[in-house]
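Okay, start.txt now, which holds compact mmCIF, C-alpha atoms:
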# COMPACT_ATOMS: atom_id res chain seq x y z
CA MET A 1 99.04 21.01 -109.14
CA GLY A 2 100.30 21.91 -105.67
CA TYR A 3 103.30 20.66 -103.75
CA ASP A 4 103.47 18.59 -100.58
CA LEU A 5 106.39 20.63 -99.27
CA VAL A 6 108.14 23.84 -100.25
CA ILE A 7 111.41 24.93 -98.71
CA ALA A 8 111.29 28.66 -99.26
CA ASN A 9 113.81 31.52 -99.41
CA ALA A 10 116.87 29.27 -99.27
CA THR A 11 120.29 29.75 -100.78
CA VAL A 12 120.20 26.71 -103.05
CA ILE A 13 123.47 25.00 -104.01
CA GLY A 14 123.10 23.33 -107.41
CA PRO A 15 125.15 22.19 -110.41
CA GLU A 16 125.46 25.73 -111.72
CA GLY A 17 126.39 27.37 -108.43
CA ARG A 18 124.17 28.99 -105.82
CA CYS A 19 121.03 31.04 -106.11
CA ALA A 20 118.13 32.30 -104.03
CA ALA A 21 115.15 30.04 -104.72
CA ASP A 22 112.35 27.89 -103.38
CA VAL A 23 112.52 24.09 -103.68
CA ALA A 24 109.21 22.28 -104.11
CA VAL A 25 108.71 18.60 -103.30
CA ARG A 26 105.95 16.29 -104.43
CA GLY A 27 105.97 12.88 -102.81
CA GLU A 28 109.68 12.12 -102.43
CA THR A 29 110.76 13.96 -105.57
CA ILE A 30 111.97 17.50 -106.14
CA ALA A 31 109.31 18.82 -108.50
CA ALA A 32 110.49 22.38 -109.08
CA VAL A 33 113.18 24.89 -108.17
CA GLY A 34 112.56 28.60 -108.59
CA PRO A 35 111.05 31.74 -107.07
CA GLY A 36 107.52 32.09 -105.71
CA LEU A 37 106.70 28.41 -105.22
CA ALA A 38 105.63 28.75 -101.57
CA VAL A 39 102.09 29.85 -102.49
CA ASP A 40 101.43 26.35 -103.86
CA GLY A 41 102.90 24.44 -100.90
CA GLU A 42 100.74 22.43 -98.52
CA SER A 43 103.60 22.71 -96.04
CA VAL A 44 106.17 25.50 -96.17
CA VAL A 45 109.52 25.68 -94.37
CA ASP A 46 111.14 29.11 -94.29
CA ALA A 47 114.87 28.64 -94.92
CA THR A 48 115.80 32.32 -94.95
CA GLY A 49 119.51 32.71 -94.24
CA LYS A 50 120.19 28.99 -94.69
CA TYR A 51 121.89 26.91 -97.38
CA LEU A 52 119.97 24.11 -99.06
CA ILE A 53 122.47 21.57 -100.38
CA PRO A 54 122.11 18.26 -102.25
CA GLY A 55 122.25 15.18 -100.08
CA GLY A 56 125.56 13.34 -100.02
CA VAL A 57 126.04 9.72 -101.05
CA ASP A 58 128.45 7.53 -99.05
CA VAL A 59 129.31 4.73 -101.45
CA HIS A 60 131.32 2.56 -99.01
CA VAL A 61 129.89 1.64 -95.62
CA HIS A 62 129.88 -1.54 -93.51
CA LEU A 63 126.90 -1.64 -91.14
CA GLU A 64 126.26 -4.66 -88.90
CA LEU A 65 128.93 -6.57 -90.86
CA PRO A 66 129.90 -9.96 -89.37
CA PHE A 67 133.64 -10.23 -89.95
CA CYS A 68 136.51 -12.26 -88.49
CA GLY A 69 134.57 -13.28 -85.39
CA THR A 70 133.15 -9.84 -84.60
CA THR A 71 130.64 -7.35 -86.00
CA SER A 72 131.22 -3.80 -87.19
CA SER A 73 130.40 -1.25 -84.49
CA ASP A 74 127.63 0.73 -86.19
CA ASP A 75 124.28 -0.86 -86.92
CA TRP A 76 121.78 0.44 -89.45
CA GLU A 77 120.21 2.78 -86.92
CA SER A 78 123.33 4.41 -85.45
CA GLY A 79 125.24 4.47 -88.74
CA THR A 80 122.50 6.03 -90.83
CA ARG A 81 121.49 8.45 -88.06
CA ALA A 82 125.08 9.74 -88.07
CA ALA A 83 124.97 9.91 -91.87
CA ALA A 84 121.79 12.01 -91.83
CA ARG A 85 123.28 14.44 -89.32
CA GLY A 86 126.23 14.91 -91.66
CA GLY A 87 124.09 15.57 -94.73
CA VAL A 88 124.45 12.09 -96.22
CA THR A 89 121.07 10.94 -97.52
CA THR A 90 122.10 7.68 -99.22
CA VAL A 91 124.53 4.97 -98.17
CA ILE A 92 125.72 1.96 -100.15
CA ASP A 93 126.62 -1.09 -98.07
CA PHE A 94 128.10 -4.41 -99.18
CA ALA A 95 125.74 -7.40 -99.25
CA ILE A 96 127.95 -10.46 -98.84
CA PRO A 97 126.82 -14.06 -99.34
CA TYR A 98 128.02 -16.54 -96.72
CA GLY A 99 128.65 -20.21 -97.38
CA THR A 100 126.43 -21.41 -100.22
CA GLU A 101 124.17 -18.35 -100.25
CA SER A 102 123.23 -16.72 -103.55
CA LEU A 103 123.53 -13.05 -104.44
CA GLU A 104 119.78 -12.75 -103.98
CA ASP A 105 120.09 -14.34 -100.52
CA ALA A 106 122.69 -11.71 -99.62
CA PHE A 107 120.45 -8.93 -100.95
CA ASN A 108 117.51 -10.21 -98.90
CA ASN A 109 119.59 -10.70 -95.74
CA TRP A 110 121.00 -7.17 -95.86
CA SER A 111 117.57 -5.73 -96.71
CA GLU A 112 116.08 -7.37 -93.63
CA LYS A 113 118.75 -5.77 -91.44
CA ALA A 114 118.40 -2.34 -93.03
CA ARG A 115 114.66 -1.98 -93.56
CA PRO A 116 113.47 -1.58 -89.95
CA LYS A 117 116.34 0.69 -88.84
CA ALA A 118 117.65 2.86 -91.69
CA CYS A 119 117.15 6.62 -91.37
CA VAL A 120 118.28 7.39 -94.94
CA ASP A 121 118.05 5.78 -98.36
CA TYR A 122 120.29 2.79 -99.04
CA CYS A 123 121.32 0.25 -101.63
CA PHE A 124 123.96 -2.46 -101.95
CA HIS A 125 127.10 -3.50 -103.76
CA LEU A 126 126.83 -7.30 -104.13
CA ALA A 127 129.92 -9.34 -103.25
CA ILE A 128 130.82 -12.16 -105.62
CA THR A 129 132.51 -14.79 -103.50
CA ASP A 130 132.04 -17.75 -105.85
CA TRP A 131 132.13 -16.86 -109.54
CA ASP A 132 130.87 -20.24 -110.74
CA ARG A 133 127.65 -19.82 -108.74
CA HIS A 134 127.23 -16.06 -108.63
CA GLY A 135 128.18 -15.15 -112.20
CA ALA A 136 124.91 -16.47 -113.56
CA GLU A 137 122.96 -14.24 -111.16
CA MET A 138 124.51 -10.94 -112.13
CA ALA A 139 122.02 -10.01 -114.87
CA LYS A 140 119.08 -10.66 -112.55
CA MET A 141 120.60 -8.50 -109.81
CA VAL A 142 121.34 -5.64 -112.22
CA ALA A 143 117.69 -5.78 -113.30
CA LYS A 144 116.77 -5.66 -109.60
CA GLY A 145 118.61 -2.35 -109.28
CA CYS A 146 122.06 -3.46 -108.11
CA PRO A 147 124.54 -2.65 -110.91
CA THR A 148 127.69 -2.71 -108.77
CA PHE A 149 129.59 -5.75 -107.55
CA LYS A 150 132.55 -6.38 -105.24
CA GLU A 151 135.35 -8.95 -105.24
CA PHE A 152 138.10 -9.44 -102.67
CA MET A 153 141.64 -10.54 -103.48
CA ILE A 154 142.14 -11.51 -99.81
CA TYR A 155 140.02 -12.92 -96.94
CA ALA A 156 140.28 -16.56 -97.98
CA SER A 157 139.58 -17.55 -94.37
CA GLU A 158 136.19 -15.83 -94.64
CA GLY A 159 135.44 -17.59 -97.92
CA TRP A 160 135.45 -14.29 -99.81
CA GLN A 161 138.65 -14.48 -101.87
CA SER A 162 138.43 -14.27 -105.69
CA ASP A 163 141.28 -15.39 -107.92
CA ASP A 164 142.36 -13.86 -111.25
CA ARG A 165 140.02 -16.11 -113.22
CA ALA A 166 137.01 -15.01 -111.20
CA ILE A 167 137.89 -11.33 -111.48
CA PHE A 168 138.51 -11.61 -115.23
CA ASN A 169 135.17 -13.32 -115.80
CA THR A 170 133.37 -10.78 -113.63
CA LEU A 171 134.92 -7.87 -115.53
CA GLU A 172 133.75 -9.36 -118.83
CA ARG A 173 130.23 -9.85 -117.47
CA CYS A 174 130.16 -6.29 -116.10
CA ARG A 175 131.14 -5.01 -119.54
CA ASP A 176 128.26 -6.90 -121.12
CA LEU A 177 125.74 -5.73 -118.50
CA GLY A 178 126.90 -2.13 -118.19
CA ALA A 179 127.71 -2.86 -114.55
CA MET A 180 130.73 -1.95 -112.41
CA LEU A 181 133.16 -4.04 -110.39
CA LEU A 182 134.83 -2.82 -107.22
CA VAL A 183 137.98 -4.74 -106.27
CA HIS A 184 139.63 -4.98 -102.87
CA ALA A 185 143.08 -5.05 -104.47
CA GLU A 186 145.57 -6.46 -102.00
CA SER A 187 148.13 -9.23 -102.33
CA SER A 188 147.36 -11.98 -99.85
CA ARG A 189 150.87 -13.40 -100.18
CA VAL A 190 152.58 -10.08 -99.49
CA LEU A 191 150.25 -9.47 -96.57
CA ASP A 192 151.06 -12.91 -95.14
CA GLU A 193 154.77 -12.19 -95.57
CA LEU A 194 154.52 -8.88 -93.69
CA ILE A 195 152.53 -10.54 -90.93
CA ALA A 196 155.19 -13.27 -90.64
CA ARG A 197 157.91 -10.62 -90.34
CA ASN A 198 156.15 -8.40 -87.84
CA HIS A 199 153.61 -10.47 -85.92
CA THR A 200 156.07 -12.42 -83.76
CA PRO A 201 156.25 -13.21 -80.02
CA GLU A 202 158.74 -10.34 -79.65
CA THR A 203 156.52 -7.77 -81.34
CA ASP A 204 153.08 -9.12 -80.47
CA GLY A 205 151.37 -6.31 -78.66
CA PRO A 206 152.90 -3.05 -79.85
CA ILE A 207 152.89 -4.25 -83.47
CA ARG A 208 149.89 -6.18 -84.66
CA ARG A 209 148.33 -7.21 -87.93
CA GLU A 210 147.42 -3.65 -88.88
CA ALA A 211 151.05 -2.61 -88.54
CA ALA A 212 151.97 -5.08 -91.26
CA ARG A 213 149.18 -3.74 -93.43
CA ASP A 214 150.53 -0.20 -92.98
CA HIS A 215 153.94 -1.10 -94.41
CA PRO A 216 155.08 1.66 -96.83
CA ALA A 217 155.17 -0.85 -99.69
CA ARG A 218 151.45 -1.47 -99.38
CA LEU A 219 149.26 0.55 -101.71
CA HIS A 220 146.20 1.90 -99.93
CA ARG A 221 143.42 4.27 -100.91
CA GLY A 222 144.08 6.32 -97.78
CA GLY A 223 147.17 7.64 -96.07
CA SER A 224 148.39 9.14 -92.82
CA ASP A 225 148.70 12.65 -91.47
CA SER A 226 151.86 14.08 -89.91
CA ALA A 227 150.98 12.46 -86.58
CA GLY A 228 150.62 9.03 -88.16
CA ASN A 229 146.81 8.89 -87.93
CA ARG A 230 145.12 6.82 -90.63
CA LEU A 231 143.08 8.84 -93.14
CA GLY A 232 141.66 5.99 -95.21
Would you write the structure of this file as structure tokens?
Amino acid sequence: MGYDLVIANATVIGPEGRCAADVAVRGETIAAVGPGLAVDGESVVDATGKYLIPGGVDVHVHLELPFCGTTSSDDWESGTRAAARGGVTTVIDFAIPYGTESLEDAFNNWSEKARPKACVDYCFHLAITDWDRHGAEMAKMVAKGCPTFKEFMIYASEGWQSDDRAIFNTLERCRDLGAMLLVHAESSRVLDELIARNHTPETDGPIRREAARDHPARLHRGGSDSAGNRLG
């Protein structure tokens, strides 16, 4: 059986290092990697002198996200176009239910935004914003192909905040389902305290909310370089 596409004569980067090989594609699946595959390709791309690398996966993006009265700057077209140019072939966004919406509502809403614009593959982490309603949906959403969930320890004003009980119950359910929970782990009370200390009439302007969040006592997945530029 032939191949729809063969990328020939490439330096292929794989799990065991790099090698000179052809990569054959059938449909949207890599069907074979090895020498001499070009003769069976309906379409052949000569990649002599070029590296052929696996596509990257960006597991944390926010595209067209309504948040705190605004919307994130990249939409599904601009964000995924930039991803593709950087070698990222899959992005995972966060589908967040608003108000009384279900997890399936969130999945459908985000799918409708992504489907007509996305330039790369995508899937979703599903945000649990109300354990008592959303917990019962988790098994169905895992079966639908969404095995990762998100809970926030802050953002009460957005209706997203989960307390310890909700997080504990979600962790137990994830264990039972073989799923994974992602937690935005930040103390709302400490954040409010830092805002109260720093976001005053005297400092309003040069020091804003983000300055409080960058206090050295705050644990963050990123950091700063020597010039003070945020890395995370």
Using all atoms listed in the file, what table do you get, as a tab-separated table, when you list each residue of segment 99-168 of chain A with an atom no more than 9 Å from segment 66-79 of chain A, its nearest pair of atoms, and their distance in Å rounded to one decimal, rows by chain then rising number?
residue	atom	partner	partner_atom	distance
A:Lys113	CA	A:Trp76	CA	7.2
A:Ala114	CA	A:Trp76	CA	5.7
A:Arg115	CA	A:Trp76	CA	8.6
A:Pro116	CA	A:Trp76	CA	8.6
A:Lys117	CA	A:Glu77	CA	4.8
A:Ala118	CA	A:Trp76	CA	5.3
A:Cys119	CA	A:Glu77	CA	6.6
A:Ser157	CA	A:Cys68	CA	8.5
A:Glu158	CA	A:Cys68	CA	7.1
For this session: Take the point (118.6, 10.1, -101.3) in the file's coordinates, draw a sphere of radius 10 Å around it, and report as a list in words every protein, DNA or RNA residue with an atom inside or on it, counting only C-alpha atoms.
Result: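 All residues meeting the 10 Å criterion around (118.6, 10.1, -101.3) are Glu28, Thr29, Pro54, Gly55, Gly56, Val57, Val88, Thr89, Thr90, Val91, Val120, Asp121 and Tyr122 of chain A.
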Mind dumping the selected residues with C-alpha atoms as a compact mmCIF listing (two decimals), in the coordinates of the input?
# COMPACT_ATOMS: atom_id res chain seq x y z
CA GLU A 28 109.68 12.12 -102.43
CA THR A 29 110.76 13.96 -105.57
CA PRO A 54 122.11 18.26 -102.25
CA GLY A 55 122.25 15.18 -100.08
CA GLY A 56 125.56 13.34 -100.02
CA VAL A 57 126.04 9.72 -101.05
CA VAL A 88 124.45 12.09 -96.22
CA THR A 89 121.07 10.94 -97.52
CA THR A 90 122.10 7.68 -99.22
CA VAL A 91 124.53 4.97 -98.17
CA VAL A 120 118.28 7.39 -94.94
CA ASP A 121 118.05 5.78 -98.36
CA TYR A 122 120.29 2.79 -99.04
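What separates atom CA of Cys19 of chain A from atom CA of Gly34 of chain A is a distance of 9.2 Å.
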Exercise. When you draw a straight line from atom CA of Ile92 of chain A to atom CA of Val61 of chain A, how long is it in Å?
Worked result: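 So the two atoms, atom CA of Ile92 of chain A and atom CA of Val61 of chain A, lie 6.2 Å apart.
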Exercise. From the set A:Gly2, A:Pro97, A:Pro147, A:Pro201, which residue has the shortest atom-to-atom contact distance to Ile128 of chain A, counting all atoms listed in the file?
Worked result: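 That would be A:Pro97, the residue with the smallest distance to Ile128 of chain A.
Nearest to Leu171 of chain A of all the residues A:His125, A:Lys150, A:His62, A:Lys50 is A:Lys150, counting all atoms listed in the file.
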Exercise. Between atom CA of Val25 of chain A and atom CA of Asp4 of chain A, what is the distance, to one decimal in Å?
Worked result: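 Interatomic distance here is 5.9 Å.
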